[in-house]
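Following: one structure in structure tokens, then a few remarks.
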Amino acid sequence: MKGRELVADVGVGMVGGYVGTQAMERVSMKLYELESEEARRQEDEARPGDPFIVAARKTTRALGLELSEEQVQNVGMYVFHYGLGLVHDQATSWGMDR
């Protein structure tokens, strides 16, 4: 793969990952809104928070980092939520080409 093709492929993959993440965010929110109060309550009780925030908190603690709650929220949102969405799309597209 040539340099320009690689850059274009990475760019397209990142845009696709971002668009996919945005779409899934909206779909998930709508489905959550349509749940019954009881189902929503059970779901909220079953999980300790947004998965990407939980992942950020556990990862930063495992690395010995002491972050403020705002910093944990930012790591969760930008590294785990959006970052993994961008990288996942690119990684799967590369894997399918081989």
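Identifiers for the structure tokens are assigned positionally: chains receive A, B, ... in sequence, residues are indexed from 1 per chain, and ligands are indexed from 1 in the order shown.
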
Checklist entry - If we count only C-alpha atoms, what is near stretch 32-34 of chain A at a cut-off of 10 Å, once residues fewer than 6 positions away on the same chain are taken out, given as JSON, numbers by chain? => result {"A": [26, 40, 43]}

Go ahead and write the residues just picked, N, CA and C atoms, as an mmCIF file, in the first residue's frame.
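Once everything was written out, this is part_29.cif:
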data_model
loop_
_atom_site.group_PDB
_atom_site.id
_atom_site.type_symbol
_atom_site.label_atom_id
_atom_site.label_comp_id
_atom_site.auth_asym_id
_atom_site.auth_seq_id
_atom_site.Cartn_x
_atom_site.Cartn_y
_atom_site.Cartn_z
ATOM 1 N N ARG A 26 -26.909 7.632 19.165
ATOM 2 C CA ARG A 26 -28.295 8.081 18.996
ATOM 3 C C ARG A 26 -29.275 6.914 19.078
ATOM 4 N N ARG A 40 -35.624 0.183 32.642
ATOM 5 C CA ARG A 40 -34.573 1.194 32.787
ATOM 6 C C ARG A 40 -33.971 1.145 34.190
ATOM 7 N N GLU A 43 -31.759 -1.902 34.445
ATOM 8 C CA GLU A 43 -30.511 -1.679 33.707
ATOM 9 C C GLU A 43 -29.573 -0.764 34.492
#

Next on the checklist: Residues within 12 Å of A:His88, please, as a PyMOL selection string. Count only C-alpha atoms; anything in the same chain fewer than 5 positions from it doesn't count.
Outcome noted: chain A and resi 10+13-18+20-21+80-83+93-95

Write to file, as a PDB file, in the first residue's frame, the residues of the selection just made, with C-alpha atoms.
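Result file follows (part_8.pdb):
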ATOM      1  CA  VAL A  10      -6.791   5.688   7.622  1.00  0.00           C
ATOM      2  CA  GLY A  13     -11.614   4.485   8.454  1.00  0.00           C
ATOM      3  CA  MET A  14     -11.527   7.165  11.120  1.00  0.00           C
ATOM      4  CA  VAL A  15     -14.452   9.033   9.591  1.00  0.00           C
ATOM      5  CA  GLY A  16     -16.386   5.771   9.364  1.00  0.00           C
ATOM      6  CA  GLY A  17     -15.604   4.966  12.986  1.00  0.00           C
ATOM      7  CA  TYR A  18     -16.694   8.409  14.130  1.00  0.00           C
ATOM      8  CA  GLY A  20     -20.662   4.806  13.380  1.00  0.00           C
ATOM      9  CA  THR A  21     -20.065   5.859  16.977  1.00  0.00           C
ATOM     10  CA  PHE A  80     -12.534   4.705  25.232  1.00  0.00           C
ATOM     11  CA  HIS A  81     -15.760   5.938  23.641  1.00  0.00           C
ATOM     12  CA  TYR A  82     -14.603   7.848  20.575  1.00  0.00           C
ATOM     13  CA  GLY A  83     -11.018   6.591  20.406  1.00  0.00           C
ATOM     14  CA  SER A  93     -11.146  -2.811   7.656  1.00  0.00           C
ATOM     15  CA  TRP A  94      -7.444  -3.692   7.554  1.00  0.00           C
ATOM     16  CA  GLY A  95      -8.178  -7.209   8.748  1.00  0.00           C
TER      17      GLY A  95
END

Checklist entry - Running DSSP on the backbone, which parts of chain A land in helix (DSSP H, G or I), as a VMD selection string? => result chain A and resid 3 to 34 37 to 46 51 to 62 69 to 97

Write a file of the just-selected residues containing C-alpha atoms, as a PDB file, in the first residue's frame.
ATOM      1  CA  GLY A   3       1.707   6.316   1.336  1.00  0.00           C
ATOM      2  CA  ARG A   4      -1.217   8.262  -0.084  1.00  0.00           C
ATOM      3  CA  GLU A   5      -3.426   5.186  -0.153  1.00  0.00           C
ATOM      4  CA  LEU A   6      -2.546   4.467   3.466  1.00  0.00           C
ATOM      5  CA  VAL A   7      -3.358   8.018   4.555  1.00  0.00           C
ATOM      6  CA  ALA A   8      -6.636   7.931   2.620  1.00  0.00           C
ATOM      7  CA  ASP A   9      -7.505   4.527   4.078  1.00  0.00           C
ATOM      8  CA  VAL A  10      -6.791   5.688   7.622  1.00  0.00           C
ATOM      9  CA  GLY A  11      -8.796   8.875   7.061  1.00  0.00           C
ATOM     10  CA  VAL A  12     -11.798   7.035   5.645  1.00  0.00           C
ATOM     11  CA  GLY A  13     -11.614   4.485   8.454  1.00  0.00           C
ATOM     12  CA  MET A  14     -11.527   7.165  11.120  1.00  0.00           C
ATOM     13  CA  VAL A  15     -14.452   9.033   9.591  1.00  0.00           C
ATOM     14  CA  GLY A  16     -16.386   5.771   9.364  1.00  0.00           C
ATOM     15  CA  GLY A  17     -15.604   4.966  12.986  1.00  0.00           C
ATOM     16  CA  TYR A  18     -16.694   8.409  14.130  1.00  0.00           C
ATOM     17  CA  VAL A  19     -19.925   8.313  12.116  1.00  0.00           C
ATOM     18  CA  GLY A  20     -20.662   4.806  13.380  1.00  0.00           C
ATOM     19  CA  THR A  21     -20.065   5.859  16.977  1.00  0.00           C
ATOM     20  CA  GLN A  22     -22.365   8.866  16.576  1.00  0.00           C
ATOM     21  CA  ALA A  23     -25.082   6.730  14.981  1.00  0.00           C
ATOM     22  CA  MET A  24     -24.901   4.079  17.693  1.00  0.00           C
ATOM     23  CA  GLU A  25     -25.019   6.769  20.382  1.00  0.00           C
ATOM     24  CA  ARG A  26     -28.295   8.081  18.996  1.00  0.00           C
ATOM     25  CA  VAL A  27     -29.804   4.624  18.506  1.00  0.00           C
ATOM     26  CA  SER A  28     -28.820   3.565  22.024  1.00  0.00           C
ATOM     27  CA  MET A  29     -30.283   6.724  23.542  1.00  0.00           C
ATOM     28  CA  LYS A  30     -33.554   6.277  21.673  1.00  0.00           C
ATOM     29  CA  LEU A  31     -33.844   2.632  22.709  1.00  0.00           C
ATOM     30  CA  TYR A  32     -33.129   3.639  26.302  1.00  0.00           C
ATOM     31  CA  GLU A  33     -35.892   6.270  26.142  1.00  0.00           C
ATOM     32  CA  LEU A  34     -38.352   3.685  24.802  1.00  0.00           C
ATOM     33  CA  GLU A  37     -39.430   2.542  33.678  1.00  0.00           C
ATOM     34  CA  GLU A  38     -38.926  -0.879  35.270  1.00  0.00           C
ATOM     35  CA  ALA A  39     -36.524  -2.067  32.558  1.00  0.00           C
ATOM     36  CA  ARG A  40     -34.573   1.194  32.787  1.00  0.00           C
ATOM     37  CA  ARG A  41     -34.353   0.907  36.573  1.00  0.00           C
ATOM     38  CA  GLN A  42     -33.081  -2.679  36.308  1.00  0.00           C
ATOM     39  CA  GLU A  43     -30.511  -1.679  33.707  1.00  0.00           C
ATOM     40  CA  ASP A  44     -29.291   1.235  35.823  1.00  0.00           C
ATOM     41  CA  GLU A  45     -28.986  -1.027  38.880  1.00  0.00           C
ATOM     42  CA  ALA A  46     -27.081  -3.701  36.942  1.00  0.00           C
ATOM     43  CA  PRO A  51     -19.190   1.437  30.268  1.00  0.00           C
ATOM     44  CA  PHE A  52     -16.595   3.813  28.825  1.00  0.00           C
ATOM     45  CA  ILE A  53     -16.318   5.674  32.153  1.00  0.00           C
ATOM     46  CA  VAL A  54     -15.998   2.397  34.073  1.00  0.00           C
ATOM     47  CA  ALA A  55     -13.264   1.288  31.636  1.00  0.00           C
ATOM     48  CA  ALA A  56     -11.408   4.578  32.074  1.00  0.00           C
ATOM     49  CA  ARG A  57     -11.622   4.401  35.860  1.00  0.00           C
ATOM     50  CA  LYS A  58     -10.382   0.790  36.012  1.00  0.00           C
ATOM     51  CA  THR A  59      -7.598   1.375  33.495  1.00  0.00           C
ATOM     52  CA  THR A  60      -6.258   4.543  35.092  1.00  0.00           C
ATOM     53  CA  ARG A  61      -6.314   2.896  38.537  1.00  0.00           C
ATOM     54  CA  ALA A  62      -4.499  -0.177  37.178  1.00  0.00           C
ATOM     55  CA  GLU A  69     -13.437  12.707  38.252  1.00  0.00           C
ATOM     56  CA  GLU A  70     -13.445  15.236  35.403  1.00  0.00           C
ATOM     57  CA  GLN A  71     -10.224  13.761  34.016  1.00  0.00           C
ATOM     58  CA  VAL A  72     -11.648  10.230  34.262  1.00  0.00           C
ATOM     59  CA  GLN A  73     -14.747  11.415  32.395  1.00  0.00           C
ATOM     60  CA  ASN A  74     -12.556  12.914  29.652  1.00  0.00           C
ATOM     61  CA  VAL A  75     -10.413   9.781  29.330  1.00  0.00           C
ATOM     62  CA  GLY A  76     -13.572   7.693  29.164  1.00  0.00           C
ATOM     63  CA  MET A  77     -15.208   9.839  26.529  1.00  0.00           C
ATOM     64  CA  TYR A  78     -12.267  10.575  24.263  1.00  0.00           C
ATOM     65  CA  VAL A  79     -10.053   7.506  24.673  1.00  0.00           C
ATOM     66  CA  PHE A  80     -12.534   4.705  25.232  1.00  0.00           C
ATOM     67  CA  HIS A  81     -15.760   5.938  23.641  1.00  0.00           C
ATOM     68  CA  TYR A  82     -14.603   7.848  20.575  1.00  0.00           C
ATOM     69  CA  GLY A  83     -11.018   6.591  20.406  1.00  0.00           C
ATOM     70  CA  LEU A  84     -11.922   2.921  20.321  1.00  0.00           C
ATOM     71  CA  GLY A  85     -14.702   3.630  17.832  1.00  0.00           C
ATOM     72  CA  LEU A  86     -12.215   5.250  15.475  1.00  0.00           C
ATOM     73  CA  VAL A  87      -9.569   2.564  15.899  1.00  0.00           C
ATOM     74  CA  HIS A  88     -11.958  -0.390  15.784  1.00  0.00           C
ATOM     75  CA  ASP A  89     -13.352   0.569  12.399  1.00  0.00           C
ATOM     76  CA  GLN A  90      -9.869   0.981  10.974  1.00  0.00           C
ATOM     77  CA  ALA A  91      -8.588  -2.276  12.469  1.00  0.00           C
ATOM     78  CA  THR A  92     -11.486  -4.307  11.122  1.00  0.00           C
ATOM     79  CA  SER A  93     -11.146  -2.811   7.656  1.00  0.00           C
ATOM     80  CA  TRP A  94      -7.444  -3.692   7.554  1.00  0.00           C
ATOM     81  CA  GLY A  95      -8.178  -7.209   8.748  1.00  0.00           C
ATOM     82  CA  MET A  96     -10.751  -7.720   6.007  1.00  0.00           C
ATOM     83  CA  ASP A  97      -8.264  -6.697   3.317  1.00  0.00           C
TER      84      ASP A  97
END
